[in-house]
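Have a look at the structure below, then the notes.
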Amino acid sequence: MTAQEARALWLQHLAQERRASPRTLEAYGFAATRYVAFLEQHQGERLTVNGLAGVTPAEVRAWLAHLRSGERPLSPRSLSQALSAIRTFHRFLDRRLDAPNAAIALVRGPRVRPGAPRPVSEDQARGLIAEPALDPDRQGWEVARDQAVLTLLYGCGLRISEALSLKRRDAPMGPELRITGKGSKMRIVPVLPAVREAADAYVGEMPFALGPDEPLFRAKRGGPLSPRHVQATVQLLRGRLGLPASATPHALRHSFATHLLGAGADLRSIQELLGHASLSTTQRYTEVDAAALLSAYAKAHPHA
């Protein structure tokens, strides 16, 4: 079996058994394609599965160096992600195609210091949600749709993909939503009255008749709303409001967590609401709100 055939089987495994997102499949597939192409050029012959089993740590390091110094050099974070994809590829080769390569574990990626999330303030979040109503070029149902999506991101801490995955049967919304996040992990998210009202307003004005299993949020011509539309809408809104480029749809999710933390919510609860697999991921929000935490400590601790 050739290395390219093994790559195709691996991507099929990720899509069908691991239920990886389209974005993950694209990134992993691209990394594996560049990896195999580099090795074939380096070795001067077509690579097989057995050849992949014999790849040395020096060859993997040479590949990383090539990515770091090519026409479009990758950042340390991107290099780390590419190496993670290749490690996943080799684990598949070991477990499914009986082609182990223990040497891959000897290769260390570049150190990546995780950056602190960059949320918007409460007033800025409210401004982003209210601003679509001031657009004279949007129809009433489009304004209601944009406001409903943004309210879900900020009020429930959803990712764009999670908000756009909601079906027509999910509205009208009850007191909670069942969300399927990364890795097909299910979580329960409380629905605030403001979120419910925004979703109901959109459903009341939406001009399309939808089946219960069709995506709830629709584009102007009736197709499913795309993540790109949400990103472009927030880009337009932040320009009007004079907000920085860090004010993205995902920043509303960061704001959800940061503002909860500032109001006294514990990290474990925020971890469950966000659907983080590791508490260390959620702990990044403590860096953002350290000043508020110290203030709360000073007010609440009996010996402060």
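Following the order of the structure tokens, chains are lettered A, B, ..., residues in each are numbered from 1, and ligands are numbered from 1.
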
Which residues are near Val234 (chain A)? Cut-off 8 Å, only C-alpha atoms, ignore same chain within fewer than 4 positions. Put them as a list in words. Leu128, Val230, Arg238, Ala247, Thr248 and Pro249 of chain A

Take the residues from that selection and put them in a file with N, CA and C atoms, as a short mmCIF file (atom, residue, chain, number, x, y, z; two decimals), in the first residue's frame.
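Writing done, so here's result_7.cif:
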data_model
loop_
_atom_site.label_atom_id
_atom_site.label_comp_id
_atom_site.auth_asym_id
_atom_site.auth_seq_id
_atom_site.Cartn_x
_atom_site.Cartn_y
_atom_site.Cartn_z
N LEU A 128 -22.46 44.88 19.87
CA LEU A 128 -22.41 43.99 18.70
C LEU A 128 -23.76 43.35 18.43
N VAL A 230 -21.33 34.81 9.30
CA VAL A 230 -21.28 35.32 10.67
C VAL A 230 -20.00 36.10 10.89
N ARG A 238 -18.00 45.44 13.94
CA ARG A 238 -16.91 45.99 14.77
C ARG A 238 -16.30 47.23 14.11
N ALA A 247 -12.18 41.51 18.06
CA ALA A 247 -13.61 41.36 18.32
C ALA A 247 -14.22 40.48 17.22
N THR A 248 -14.08 39.19 17.39
CA THR A 248 -14.56 38.20 16.42
C THR A 248 -15.76 37.46 17.02
N PRO A 249 -16.45 36.65 16.22
CA PRO A 249 -17.52 35.83 16.81
C PRO A 249 -17.03 34.96 17.96
#

Excluding same-chain residues fewer than 4 positions from Leu279 (chain A), what lies within 8 Å of it counting only C-alpha atoms, as a VMD selection string? chain A and resid 267 to 268 271 283

Take the residues just selected and output them with N, CA and C atoms as a PDB file, in the first residue's frame.
ATOM      1  N   LEU A 267     -14.513  27.505  37.960  1.00  0.00           N
ATOM      2  CA  LEU A 267     -13.914  27.040  36.712  1.00  0.00           C
ATOM      3  C   LEU A 267     -14.529  25.744  36.215  1.00  0.00           C
ATOM      4  N   ARG A 268     -14.848  24.835  37.121  1.00  0.00           N
ATOM      5  CA  ARG A 268     -15.422  23.550  36.701  1.00  0.00           C
ATOM      6  C   ARG A 268     -16.744  23.756  35.974  1.00  0.00           C
ATOM      7  N   GLN A 271     -16.030  25.167  32.598  1.00  0.00           N
ATOM      8  CA  GLN A 271     -15.498  24.095  31.743  1.00  0.00           C
ATOM      9  C   GLN A 271     -16.633  23.272  31.141  1.00  0.00           C
ATOM     10  N   GLN A 283      -8.657  27.312  32.333  1.00  0.00           N
ATOM     11  CA  GLN A 283      -7.878  28.138  33.258  1.00  0.00           C
ATOM     12  C   GLN A 283      -7.260  29.354  32.589  1.00  0.00           C
TER      13      GLN A 283
END

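In this comparison, which uses only C-alpha atoms, the residue of A:Gly183, A:Gly109, A:Gly275, A:Gly211 approaching Arg19 (chain A) most closely is A:Gly183.
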
Quick one: everything within 12 Å of region 135-137 of chain A, counting only C-alpha atoms, minus sequence neighbours fewer than 4 positions away in the same chain. Send it as a list in words.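 The residues satisfying every condition are Ala130, Glu131, Trp141, Glu142, Val143, Ala144, Asp146, Gln147, Thr233, Leu236, Leu237 and Arg240 of chain A.
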
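Considering only C-alpha atoms, the residue among A:Met1, A:Met173, A:Leu64, A:Ala103 positioned nearest to Ala198 (chain A) is A:Met173.
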
If you count only C-alpha atoms, the residue of A:His276, A:His13, A:Arg145, A:Lys299 closest to His229 (chain A) turns out to be A:Arg145

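CA of Leu153 (chain A) is found 15.1 Å from CA of Gln235 (chain A).
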
At what distance in Å, to one decimal, does CA of Val60 (chain A) lie from CA of Ile86 (chain A)?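 We find that CA of Ile86 (chain A) and CA of Val60 (chain A) lie 9.4 Å from each other.
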
When distances are computed from only C-alpha atoms, which of A:Ser75, A:Gln43, A:Ser246, A:Gln81 shows the smallest separation from Thr24 (chain A)?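 Result for the nearest residue to Thr24 (chain A): A:Gln81.
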
Nearest-residue call for Val203 (chain A), choices A:Pro302, A:Gly223, A:Lys185, A:Lys167, using only C-alpha atoms: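 Ranked by minimum distance to Val203 (chain A), first place goes to A:Lys167.
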
For each of A:Leu25, A:Ala245, A:Ala15, A:Ala53, take the minimum atom-to-atom distance to Ala99 (chain A), counting only C-alpha atoms, then give the residue where this is smallest. A:Ala53

Backbone-only DSSP, strand (DSSP E or B) members of region 139-293 of chain A, as a list in words: Lys167, Glu176, Leu177, Arg178, Ile179, Thr180, Met186, Arg187, Ile188, Val189, Pro190, Pro215, Arg218 and Pro224 of chain A

With a distance cut-off of 10 Å and only C-alpha atoms, select the neighbouring residues of region 189-194 of chain A, excluding the residue or stretch itself and same-chain residues fewer than 6 positions from it, and output the selection as a ChimeraX atom specification. /A:148,151-152,155-158,173-179,200,272-275

Near Thr56 (chain A), counting only C-alpha atoms, which residues have an atom at most 12 Å away, once you skip same-chain residues fewer than 5 positions from it, shown as an MDAnalysis selection string? chainID A and resid 39 43 51 61:63 101:107

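Take CA of Gln41 (chain A) and CA of Gly54 (chain A): the distance between them is 15.5 Å.
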
Asp94 (chain A): which residues within 12 Å, counting only C-alpha atoms, same-chain residues fewer than 2 positions away excluded, as number ranges by chain? A: 6, 10, 49-50, 52-54, 87-92, 96-102, 104

Based on the backbone DSSP call, show me all residues of region 63-270 of chain A assigned alpha helix (DSSP H), as a ChimeraX atom specification. /A:63-69,76-97,122-130,140-156,160-164,193-205,227-241,249-262,267-270
